[in-house]
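A.B. asks: Can you read through this structure? Questions will come right after.
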There are 2 protein chains.
Amino acid sequence: MKKFLNRVESVLDESLYGFARAHADIVKFNDLPHFISRATPSRTGKVAVISGGGSGHEPLHIGFVGAGMLDAACPGYVFTSPVPDQMLAAAQAVHTGGGVLFIVKNYAGDVMNFEIAAELLDCPNARVLVNDDVSLPKDHVAGRRGVAGTLVVEKMVGAAAEQGADLATCKALGDKANQATASMGVALSCGTVPALGKPTFELADNEMEMGVGIHGERGRQTLPLASAHDIVAHLVKAIDEALNPKKGQSVLLHVNGFGATPLMELYLVYQLAAQHWQQRGVSVVRSLVGNYTTSLDMAGCSLTLTVLDAELLRLWDAPVHTAALRWGC
Amino acid sequence: MKKFLNRVESVLDESLYGFARAHADIVKFNDLPHFISRATPSRTGKVAVISGGGSGHEPLHIGFVGAGMLDAACPGYVFTSPVPDQMLAAAQAVHTGGGVLFIVKNYAGDVMNFEIAAELLDCPNARVLVNDDVSLPKDHVAGRRGVAGTLVVEKMVGAAAEQGADLATCKALGDKANQATASMGVALSCGTVPALGKPTFELADNEMEMGVGIHGERGRQTLPLASAHDIVAHLVKAIDEALNPKKGQSVLLHVNGFGATPLMELYLVYQLAAQHWQQRGVSVVRSLVGNYTTSLDMAGCSLTLTVLDAELLRLWDAPVHTAALRWGC
């Protein structure tokens, strides 16, 4: 394993201290229990928007804490759910009377631990469950996973909360954004969890993993490595089947790198995907290309498509000021 | 080689079309010869700031085209200098009467080709040569290389030009920013050039390459893999020897990923480097952490330190609106 680290046990803490120091104008770090919150408290009565999950996906979620997006993020150990104490402490620290909205990726551990925190929390709260990964069938026993579409949900809900929407409205908006979003990923190699010291699965030089998640787990199927054109055709087919964007509709297209794929390749993938939807008469009106929901040093990428109505477009465009996303302010 | 590509010959073009499409609000792509320029022309009389170099370092330079930074960037093939026709065409397209400033990383091919373009150009022009890489001795036969500090020079010169500084002032400011900047990098693995199909050098599982550049070339020395603490100690020592930041001085600390190193590790490295300078009484007042000057899918990172006076700080903070850097507007 070749990584910049001192001790495997302290890699998360050392990294979080660095993150909070580098972005001290935007965030602060609470050490016990771990959470990242805004450096400046939100105004009284705003819905507090909180997310979290295993680490190793940076900048998700800590990089999305700030004005117009999250109030706090709770990082678990690498690929490990945060514990309820973290979400509870974060909620108590950042809520200002408007209630708390948890945005949770659909993984058993995250769901359970956020639920326990919600039960312990003595203020109005609600949950948005993100399950945008269409690589699994809709009736899969554990349900579909939450992957790169989480960014889209967090951005839109964060904007609504900032603009004064109440808890029920933020919850409904989050569900709507999630429903309007589908993602599908492919890996060319697997990342290495520090505590494990080796890739969690192996791919031969001529193989790729289609329909992959973000936790070093196997995907839908292992396939022979193909051209970018054929890979993108596979990804967009799965998204089209699940989301069925219509001719004339406007969409946000997000090409997300998993951590070790150069931007040059991500933009090449973007071009192929954008061409596909353009040819179908779907209008790509907003785009985001880069490493946002990573899986340590996994090579690969995912496509995320969100069908936009005027409300979702307005929320996407609203000002945001976080470590990883910043515009309009 | 596992990459998202169709044909090796077309990877750059396909990627540039995708880049320009994804950021059509900021840039446009000129196909023959290749350059990226601002979507909206700059005001008459502004100094046109132009950079360029081999591709494979994205987002450098194309991701820095936009208000407050570059007017145009000329991408060569992967790790290959752009040709004079590109710089000449870009300069003719974007200059608006205020003259042209070329920002050139110190590599023989880049220097020669920008010089030829300057000779062919029929308007006032000047050049800032960036040579921030302190891994080579100052009297090295080819001189020190331009690496991640190029971003700093481009940001500051771009801000000055936007604010109305004339050509001589921009040139002097660029030289000053370059003089105030030192970088040193380390690789844990080497990237793969598409046309080559394999890493340009090999490292054993217990080796790292210290003082590495950004073109897949060997560095100062191959060393046994060490802890992050020891690696950072090595990097900051080289920077301190070259730049000698004084107690009480303010600095910008930029931790740059080479492409395949997770943000989690970059923030850990940042924390160690920031602690080092804090302990020396040097004040880290600005920070930038992420993959900005990459070397395809090389794992590793570099530290860049810029000693800031009030003028350089003001130029760093000035509004910028590009694909890869955006604040204040």
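Residues are named by chain letter and number: chains run A, B, ... in the order of the structure tokens, numbers start at 1 in each chain, and ligands are numbered from 1 in the order shown.
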Hey, which bits of chain A sit within 7 Å of chain B, and for each residue what's the closest pair of atoms and how far apart in Å (one decimal), counting only C-alpha atoms, rows by chain and increasing number, as CSV?

C.D. replies:
residue,atom,partner,partner_atom,distance
A:Lys2,CA,B:Leu188,CA,6.3
A:Phe4,CA,B:Ala228,CA,4.8
A:Leu5,CA,B:Ala228,CA,4.8
A:Asn6,CA,B:Ser227,CA,5.0
A:Glu14,CA,B:Leu268,CA,5.3
A:Ser15,CA,B:Leu268,CA,4.1
A:Tyr17,CA,B:Gln271,CA,6.6
A:Gly18,CA,B:Gln271,CA,4.1
A:Phe19,CA,B:Tyr267,CA,5.5
A:Ala22,CA,B:Ser287,CA,5.6
A:Gly56,CA,B:Met264,CA,6.8
A:Glu58,CA,B:Leu263,CA,6.0
A:Leu188,CA,B:Lys2,CA,6.3
A:Ser227,CA,B:Asn6,CA,5.0
A:Ala228,CA,B:Leu5,CA,4.8
A:His229,CA,B:Asn6,CA,6.5
A:Gly259,CA,B:Ala260,CA,6.1
A:Ala260,CA,B:Ala260,CA,3.9
A:Thr261,CA,B:Asp297,CA,6.2
A:Pro262,CA,B:Leu296,CA,5.4
A:Leu263,CA,B:Glu58,CA,6.1
A:Met264,CA,B:Ser15,CA,5.6
A:Glu265,CA,B:Phe4,CA,5.6
A:Tyr267,CA,B:Gly18,CA,4.9
A:Leu268,CA,B:Ser15,CA,4.1
A:Tyr270,CA,B:Gly18,CA,5.8
A:Gln271,CA,B:Gly18,CA,4.1
A:Ser287,CA,B:Ala22,CA,5.6
A:Leu296,CA,B:Pro262,CA,5.4
A:Asp297,CA,B:Pro262,CA,5.8
A:Arg326,CA,B:Arg326,CA,6.7
A:Trp327,CA,B:Arg326,CA,6.9
A:Gly328,CA,B:Cys329,CA,6.4
A:Cys329,CA,B:Gly328,CA,6.4

A.B. asks: Residues as selected, N, CA, C and O atoms, written as a compact mmCIF listing (two decimals), in the first residue's frame, can you do that?

C.D. replies:
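Below is the file part33.txt, written as the result:
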# COMPACT_ATOMS: atom_id res chain seq x y z
N LYS A 2 0.65 2.15 -0.96
CA LYS A 2 1.45 3.37 -1.02
C LYS A 2 0.52 4.55 -0.81
O LYS A 2 -0.25 4.93 -1.69
N PHE A 4 0.04 8.44 1.60
CA PHE A 4 0.60 9.42 2.54
C PHE A 4 -0.11 9.24 3.87
O PHE A 4 -1.24 9.70 4.06
N LEU A 5 0.54 8.55 4.79
CA LEU A 5 -0.05 8.40 6.11
C LEU A 5 1.04 8.12 7.14
O LEU A 5 2.17 7.73 6.79
N ASN A 6 0.69 8.38 8.38
CA ASN A 6 1.60 8.08 9.48
C ASN A 6 1.19 6.77 10.12
O ASN A 6 1.86 5.77 9.97
N GLU A 14 -6.06 13.10 11.31
CA GLU A 14 -5.06 14.02 10.76
C GLU A 14 -5.59 14.74 9.54
O GLU A 14 -5.33 15.93 9.33
N SER A 15 -6.35 14.00 8.73
CA SER A 15 -6.90 14.59 7.52
C SER A 15 -7.97 15.62 7.85
O SER A 15 -8.02 16.71 7.25
N TYR A 17 -8.30 17.39 10.57
CA TYR A 17 -7.67 18.60 11.11
C TYR A 17 -7.11 19.46 9.96
O TYR A 17 -7.22 20.69 9.98
N GLY A 18 -6.52 18.80 8.99
CA GLY A 18 -6.01 19.54 7.84
C GLY A 18 -7.11 20.21 7.05
O GLY A 18 -7.01 21.38 6.66
N PHE A 19 -8.20 19.47 6.83
CA PHE A 19 -9.33 20.02 6.09
C PHE A 19 -9.87 21.26 6.79
O PHE A 19 -10.11 22.31 6.16
N ALA A 22 -7.39 24.18 6.50
CA ALA A 22 -7.31 24.76 5.16
C ALA A 22 -8.53 25.60 4.83
O ALA A 22 -8.45 26.53 4.03
N GLY A 56 -13.52 8.54 2.85
CA GLY A 56 -12.94 7.94 1.66
C GLY A 56 -13.63 8.38 0.39
O GLY A 56 -13.25 7.97 -0.71
N GLU A 58 -14.18 11.79 -0.19
CA GLU A 58 -13.98 13.24 -0.21
C GLU A 58 -13.88 13.75 -1.66
O GLU A 58 -13.28 13.08 -2.48
N LEU A 188 -12.31 1.01 -13.41
CA LEU A 188 -11.22 0.39 -14.17
C LEU A 188 -10.21 -0.26 -13.23
O LEU A 188 -9.43 -1.12 -13.62
N SER A 227 -14.10 0.40 -25.38
CA SER A 227 -13.82 1.79 -25.73
C SER A 227 -14.68 2.70 -24.86
O SER A 227 -15.72 2.30 -24.34
N ALA A 228 -14.25 3.95 -24.74
CA ALA A 228 -15.04 4.93 -23.98
C ALA A 228 -16.44 5.03 -24.57
O ALA A 228 -17.43 5.15 -23.85
N HIS A 229 -16.53 4.98 -25.87
CA HIS A 229 -17.82 5.05 -26.55
C HIS A 229 -18.75 3.93 -26.08
O HIS A 229 -19.92 4.17 -25.72
N GLY A 259 -11.67 9.09 -8.28
CA GLY A 259 -10.49 9.48 -7.51
C GLY A 259 -9.19 9.41 -8.29
O GLY A 259 -8.32 10.26 -8.10
N ALA A 260 -9.03 8.42 -9.15
CA ALA A 260 -7.73 8.24 -9.80
C ALA A 260 -7.80 8.37 -11.32
O ALA A 260 -6.86 8.00 -12.01
N THR A 261 -8.90 8.90 -11.81
CA THR A 261 -9.04 9.06 -13.27
C THR A 261 -8.80 10.51 -13.65
O THR A 261 -9.44 11.41 -13.09
N PRO A 262 -7.88 10.76 -14.59
CA PRO A 262 -7.55 12.14 -14.96
C PRO A 262 -8.76 12.91 -15.49
O PRO A 262 -9.63 12.32 -16.14
N LEU A 263 -8.77 14.21 -15.25
CA LEU A 263 -9.81 15.09 -15.78
C LEU A 263 -9.93 14.96 -17.29
O LEU A 263 -11.02 15.06 -17.83
N MET A 264 -8.81 14.78 -17.95
CA MET A 264 -8.83 14.64 -19.42
C MET A 264 -9.81 13.54 -19.83
O MET A 264 -10.58 13.69 -20.78
N GLU A 265 -9.78 12.42 -19.12
CA GLU A 265 -10.68 11.32 -19.45
C GLU A 265 -12.12 11.62 -19.04
O GLU A 265 -13.07 11.24 -19.71
N TYR A 267 -13.57 14.51 -19.02
CA TYR A 267 -14.18 15.40 -20.01
C TYR A 267 -14.49 14.67 -21.30
O TYR A 267 -15.46 14.98 -22.00
N LEU A 268 -13.67 13.69 -21.65
CA LEU A 268 -13.94 12.86 -22.83
C LEU A 268 -15.24 12.08 -22.61
O LEU A 268 -16.11 12.02 -23.49
N TYR A 270 -17.62 12.95 -20.57
CA TYR A 270 -18.70 13.95 -20.58
C TYR A 270 -19.16 14.24 -22.00
O TYR A 270 -20.36 14.32 -22.28
N GLN A 271 -18.20 14.43 -22.90
CA GLN A 271 -18.54 14.76 -24.29
C GLN A 271 -19.42 13.67 -24.91
O GLN A 271 -20.43 13.95 -25.56
N SER A 287 -23.89 21.39 -16.07
CA SER A 287 -22.89 20.32 -16.09
C SER A 287 -21.95 20.44 -14.89
O SER A 287 -21.67 21.54 -14.44
N LEU A 296 -11.78 6.53 -2.59
CA LEU A 296 -10.33 6.54 -2.38
C LEU A 296 -9.61 6.72 -3.71
O LEU A 296 -9.90 7.68 -4.41
N ASP A 297 -8.75 5.78 -4.07
CA ASP A 297 -8.00 5.93 -5.31
C ASP A 297 -8.48 4.96 -6.38
O ASP A 297 -7.70 4.43 -7.17
N ARG A 326 -18.45 26.12 -5.18
CA ARG A 326 -18.57 27.54 -4.87
C ARG A 326 -19.02 28.30 -6.11
O ARG A 326 -18.34 28.26 -7.13
N TRP A 327 -20.15 28.91 -6.02
CA TRP A 327 -20.54 29.86 -7.06
C TRP A 327 -21.58 30.84 -6.52
O TRP A 327 -22.25 30.58 -5.52
N GLY A 328 -21.67 31.96 -7.17
CA GLY A 328 -22.72 32.92 -6.85
C GLY A 328 -22.51 33.69 -5.55
O GLY A 328 -23.34 34.53 -5.19
N CYS A 329 -21.44 33.38 -4.83
CA CYS A 329 -21.19 34.18 -3.62
C CYS A 329 -19.70 34.15 -3.29
O CYS A 329 -18.95 33.43 -3.87

A.B. asks: Could you give me the residues within segment 15-253 of chain B that DSSP places in strand (DSSP E), as a PyMOL selection string?

C.D. replies: chain B and resi 27-30+35-38+48-55+66-67+72-78+100-105+125-130+181-187+207-210+221-224+250-253

A.B. asks: Between B:Asn178, B:Ser283, B:Thr169, B:Thr44, which has the minimum distance to Val153 of chain B (counting only C-alpha atoms)?

C.D. replies: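 Ranked by minimum distance to Val153 of chain B, first place goes to B:Asn178.
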
A.B. asks: Among segment 160-243 of chain B, which residues does DSSP mark as helix (DSSP H, G or I) when it is run on the backbone? Keep the chain and numbering as in the structure and answer as a VMD selection string.

C.D. replies: chain B and resid 160 to 162 167 to 179 228 to 243

A.B. asks: Could those selected residues go to a file with N, CA, C and O atoms, as a tab-separated table (two decimals), in the first residue's frame?

C.D. replies:
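Result went into part.tsv, see below:
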chain	number	residue	atom	x	y	z
B	160	ALA	N	-4.07	41.12	-11.87
B	160	ALA	CA	-3.50	42.44	-12.16
B	160	ALA	C	-3.96	42.94	-13.52
B	160	ALA	O	-4.34	44.10	-13.68
B	161	ALA	N	-3.93	42.05	-14.51
B	161	ALA	CA	-4.37	42.44	-15.85
B	161	ALA	C	-5.84	42.86	-15.83
B	161	ALA	O	-6.22	43.86	-16.45
B	162	GLU	N	-6.64	42.09	-15.10
B	162	GLU	CA	-8.07	42.41	-15.02
B	162	GLU	C	-8.29	43.79	-14.41
B	162	GLU	O	-9.23	44.49	-14.76
B	167	LEU	N	1.27	46.21	-19.49
B	167	LEU	CA	2.08	45.03	-19.82
B	167	LEU	C	3.34	44.95	-18.96
B	167	LEU	O	3.67	43.88	-18.43
B	168	ALA	N	4.04	46.06	-18.82
B	168	ALA	CA	5.28	46.04	-18.03
B	168	ALA	C	5.00	45.71	-16.57
B	168	ALA	O	5.76	44.97	-15.93
B	169	THR	N	3.91	46.24	-16.06
B	169	THR	CA	3.55	45.97	-14.67
B	169	THR	C	3.19	44.50	-14.49
B	169	THR	O	3.60	43.86	-13.51
B	170	CYS	N	2.40	43.96	-15.41
B	170	CYS	CA	2.03	42.54	-15.33
B	170	CYS	C	3.26	41.64	-15.40
B	170	CYS	O	3.38	40.66	-14.66
B	171	LYS	N	4.17	41.97	-16.30
B	171	LYS	CA	5.41	41.20	-16.44
B	171	LYS	C	6.21	41.25	-15.13
B	171	LYS	O	6.67	40.21	-14.62
B	172	ALA	N	6.34	42.42	-14.56
B	172	ALA	CA	7.11	42.56	-13.32
B	172	ALA	C	6.44	41.81	-12.17
B	172	ALA	O	7.10	41.15	-11.37
B	173	LEU	N	5.12	41.88	-12.12
B	173	LEU	CA	4.36	41.17	-11.09
B	173	LEU	C	4.51	39.66	-11.22
B	173	LEU	O	4.64	38.94	-10.23
B	174	GLY	N	4.48	39.17	-12.46
B	174	GLY	CA	4.64	37.74	-12.70
B	174	GLY	C	6.00	37.26	-12.25
B	174	GLY	O	6.14	36.21	-11.59
B	175	ASP	N	7.03	38.04	-12.58
B	175	ASP	CA	8.39	37.69	-12.16
B	175	ASP	C	8.49	37.69	-10.63
B	175	ASP	O	9.11	36.81	-10.03
B	176	LYS	N	7.85	38.68	-10.03
B	176	LYS	CA	7.87	38.78	-8.56
B	176	LYS	C	7.15	37.59	-7.92
B	176	LYS	O	7.66	37.00	-6.95
B	177	ALA	N	6.00	37.23	-8.45
B	177	ALA	CA	5.25	36.08	-7.90
B	177	ALA	C	6.06	34.80	-8.06
B	177	ALA	O	6.11	33.95	-7.16
B	178	ASN	N	6.71	34.65	-9.19
B	178	ASN	CA	7.53	33.47	-9.43
B	178	ASN	C	8.70	33.42	-8.46
B	178	ASN	O	9.01	32.37	-7.89
B	179	GLN	N	9.34	34.56	-8.25
B	179	GLN	CA	10.47	34.62	-7.31
B	179	GLN	C	10.05	34.30	-5.88
B	179	GLN	O	10.83	33.79	-5.09
B	228	ALA	N	4.21	9.84	6.16
B	228	ALA	CA	3.84	11.16	5.67
B	228	ALA	C	4.65	12.23	6.38
B	228	ALA	O	5.08	13.22	5.77
B	229	HIS	N	4.87	12.03	7.66
B	229	HIS	CA	5.64	12.99	8.44
B	229	HIS	C	7.05	13.17	7.86
B	229	HIS	O	7.52	14.31	7.67
B	230	ASP	N	7.71	12.07	7.57
B	230	ASP	CA	9.08	12.15	7.03
B	230	ASP	C	9.09	12.70	5.61
B	230	ASP	O	10.01	13.43	5.22
B	231	ILE	N	8.08	12.33	4.83
B	231	ILE	CA	8.01	12.84	3.46
B	231	ILE	C	7.84	14.36	3.48
B	231	ILE	O	8.54	15.09	2.77
B	232	VAL	N	6.92	14.84	4.31
B	232	VAL	CA	6.69	16.28	4.38
B	232	VAL	C	7.93	17.00	4.90
B	232	VAL	O	8.29	18.08	4.41
B	233	ALA	N	8.61	16.40	5.86
B	233	ALA	CA	9.84	17.01	6.37
B	233	ALA	C	10.86	17.19	5.25
B	233	ALA	O	11.55	18.22	5.16
B	234	HIS	N	10.94	16.22	4.37
B	234	HIS	CA	11.86	16.29	3.22
B	234	HIS	C	11.45	17.42	2.27
B	234	HIS	O	12.29	18.22	1.83
B	235	LEU	N	10.16	17.51	2.00
B	235	LEU	CA	9.66	18.53	1.05
B	235	LEU	C	9.85	19.94	1.61
B	235	LEU	O	10.31	20.84	0.90
B	236	VAL	N	9.47	20.14	2.87
B	236	VAL	CA	9.53	21.50	3.42
B	236	VAL	C	10.99	21.94	3.59
B	236	VAL	O	11.29	23.13	3.46
B	237	LYS	N	11.88	21.00	3.84
B	237	LYS	CA	13.30	21.35	3.97
B	237	LYS	C	13.82	21.94	2.65
B	237	LYS	O	14.51	22.97	2.64
B	238	ALA	N	13.47	21.30	1.56
B	238	ALA	CA	13.92	21.79	0.25
B	238	ALA	C	13.35	23.18	-0.02
B	238	ALA	O	14.04	24.06	-0.56
B	239	ILE	N	12.08	23.37	0.34
B	239	ILE	CA	11.44	24.67	0.09
B	239	ILE	C	12.05	25.74	0.99
B	239	ILE	O	12.33	26.86	0.56
B	240	ASP	N	12.27	25.39	2.24
B	240	ASP	CA	12.86	26.37	3.17
B	240	ASP	C	14.25	26.79	2.73
B	240	ASP	O	14.62	27.96	2.82
B	241	GLU	N	15.04	25.83	2.25
B	241	GLU	CA	16.40	26.16	1.79
B	241	GLU	C	16.37	27.11	0.60
B	241	GLU	O	17.21	28.00	0.48
B	242	ALA	N	15.40	26.92	-0.27
B	242	ALA	CA	15.35	27.75	-1.48
B	242	ALA	C	14.69	29.10	-1.23
B	242	ALA	O	15.13	30.12	-1.75
B	243	LEU	N	13.62	29.11	-0.43
B	243	LEU	CA	12.78	30.31	-0.32
B	243	LEU	C	13.04	31.07	0.98
B	243	LEU	O	12.86	32.28	1.05

A.B. asks: Which one of A:Ser51, A:Asn244, A:Ser42, A:Gln163 sits closest to Arg127 of chain A if you count only C-alpha atoms?

C.D. replies: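 Of A:Ser51, A:Asn244, A:Ser42, A:Gln163, the one nearest Arg127 of chain A, counting only C-alpha atoms, is A:Ser51.
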
A.B. asks: Do a neighbour search on Ala118 of chain B at 10 Å with only C-alpha atoms, toss out local chain neighbours closer than 5 positions, and write the hits as a list in words.

C.D. replies: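 Result of the neighbour search: Pro84, Met87, Leu88, Ala91, Val100, Leu101, Phe102, Met112, Asn113, Cys123, Pro124, Asn125, Ala126 and Arg127 of chain B.
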
A.B. asks: Grab the residues selected above and save them as an mmCIF file, in the first residue's frame with N, CA and C atoms.

C.D. replies:
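Printed below is result_36.cif as written:
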data_model
loop_
_atom_site.group_PDB
_atom_site.id
_atom_site.type_symbol
_atom_site.label_atom_id
_atom_site.label_comp_id
_atom_site.auth_asym_id
_atom_site.auth_seq_id
_atom_site.Cartn_x
_atom_site.Cartn_y
_atom_site.Cartn_z
ATOM 1 N N PRO B 84 4.078 26.950 -32.117
ATOM 2 C CA PRO B 84 3.942 28.412 -32.153
ATOM 3 C C PRO B 84 2.642 28.886 -32.801
ATOM 4 N N MET B 87 -0.043 29.515 -30.145
ATOM 5 C CA MET B 87 0.109 30.717 -29.318
ATOM 6 C C MET B 87 -0.135 31.976 -30.151
ATOM 7 N N LEU B 88 0.331 31.928 -31.413
ATOM 8 C CA LEU B 88 0.146 33.082 -32.292
ATOM 9 C C LEU B 88 -1.346 33.308 -32.562
ATOM 10 N N ALA B 91 -3.113 34.518 -29.423
ATOM 11 C CA ALA B 91 -2.790 35.925 -29.132
ATOM 12 C C ALA B 91 -3.555 36.853 -30.070
ATOM 13 N N VAL B 100 0.348 41.470 -25.079
ATOM 14 C CA VAL B 100 0.184 40.055 -24.730
ATOM 15 C C VAL B 100 1.271 39.636 -23.754
ATOM 16 N N LEU B 101 0.862 38.981 -22.679
ATOM 17 C CA LEU B 101 1.838 38.412 -21.748
ATOM 18 C C LEU B 101 1.735 36.889 -21.805
ATOM 19 N N PHE B 102 2.841 36.258 -22.174
ATOM 20 C CA PHE B 102 2.900 34.800 -22.175
ATOM 21 C C PHE B 102 3.432 34.315 -20.826
ATOM 22 N N MET B 112 11.042 27.503 -26.320
ATOM 23 C CA MET B 112 11.359 27.740 -27.728
ATOM 24 C C MET B 112 10.103 28.104 -28.516
ATOM 25 N N ASN B 113 9.031 27.350 -28.302
ATOM 26 C CA ASN B 113 7.839 27.572 -29.124
ATOM 27 C C ASN B 113 7.125 28.871 -28.767
ATOM 28 N N CYS B 123 2.414 42.634 -32.036
ATOM 29 C CA CYS B 123 1.930 43.570 -31.014
ATOM 30 C C CYS B 123 2.865 43.461 -29.815
ATOM 31 N N PRO B 124 2.873 44.470 -28.946
ATOM 32 C CA PRO B 124 3.767 44.418 -27.782
ATOM 33 C C PRO B 124 3.517 43.151 -26.977
ATOM 34 N N ASN B 125 4.579 42.482 -26.580
ATOM 35 C CA ASN B 125 4.409 41.260 -25.789
ATOM 36 C C ASN B 125 5.590 41.069 -24.859
ATOM 37 N N ALA B 126 5.360 40.267 -23.837
ATOM 38 C CA ALA B 126 6.407 39.969 -22.863
ATOM 39 C C ALA B 126 6.188 38.552 -22.355
ATOM 40 N N ARG B 127 7.123 38.072 -21.575
ATOM 41 C CA ARG B 127 7.054 36.692 -21.106
ATOM 42 C C ARG B 127 7.424 36.609 -19.637
#

A.B. asks: Which residues are close to Asn30 of chain B, i.e. within 10 Å by only C-alpha atoms, leaving aside same-chain residues fewer than 5 positions away? Reply as a list of chain:residue names.

C.D. replies: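 The residues that qualify are B:Leu16, B:Tyr17, B:Ala20, B:Phe35, B:Ile36, B:Ser37, B:Cys74, B:Gln86, B:Ala89, B:Ala90, B:Ala93.
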
A.B. asks: What is the atom CA of Leu70 of chain B-atom CA of Leu120 of chain B distance in Å, reported with one decimal?

C.D. replies: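 So the two atoms, atom CA of Leu70 of chain B and atom CA of Leu120 of chain B, lie 20.8 Å apart.
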
A.B. asks: At a cut-off of 9 Å, using only C-alpha atoms, what residues contact Ala318 of chain B? Leave out same-chain residues fewer than 3 positions from it and give the result as a count of residues only.

C.D. replies: 10

A.B. asks: Go through B:Gly45, B:Gly63, B:Gly211, B:Pro75 one by one, measure the shortest atom-to-atom distance of each to Asp166 of chain B using only C-alpha atoms, and give the residue with the smallest value.

C.D. replies: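 Ranking B:Gly45, B:Gly63, B:Gly211, B:Pro75 by distance to Asp166 of chain B, first place goes to B:Gly45.
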
A.B. asks: Using only C-alpha atoms, which of B:Asp309, B:Asp317, B:Asp71, B:Asp85 sits nearest Pro33 of chain B?

C.D. replies: B:Asp85

A.B. asks: Calculate how many Å separate atom CA of Thr192 of chain B from atom CA of Gly213 of chain B, rounding to one decimal.

C.D. replies: 14.2 Å
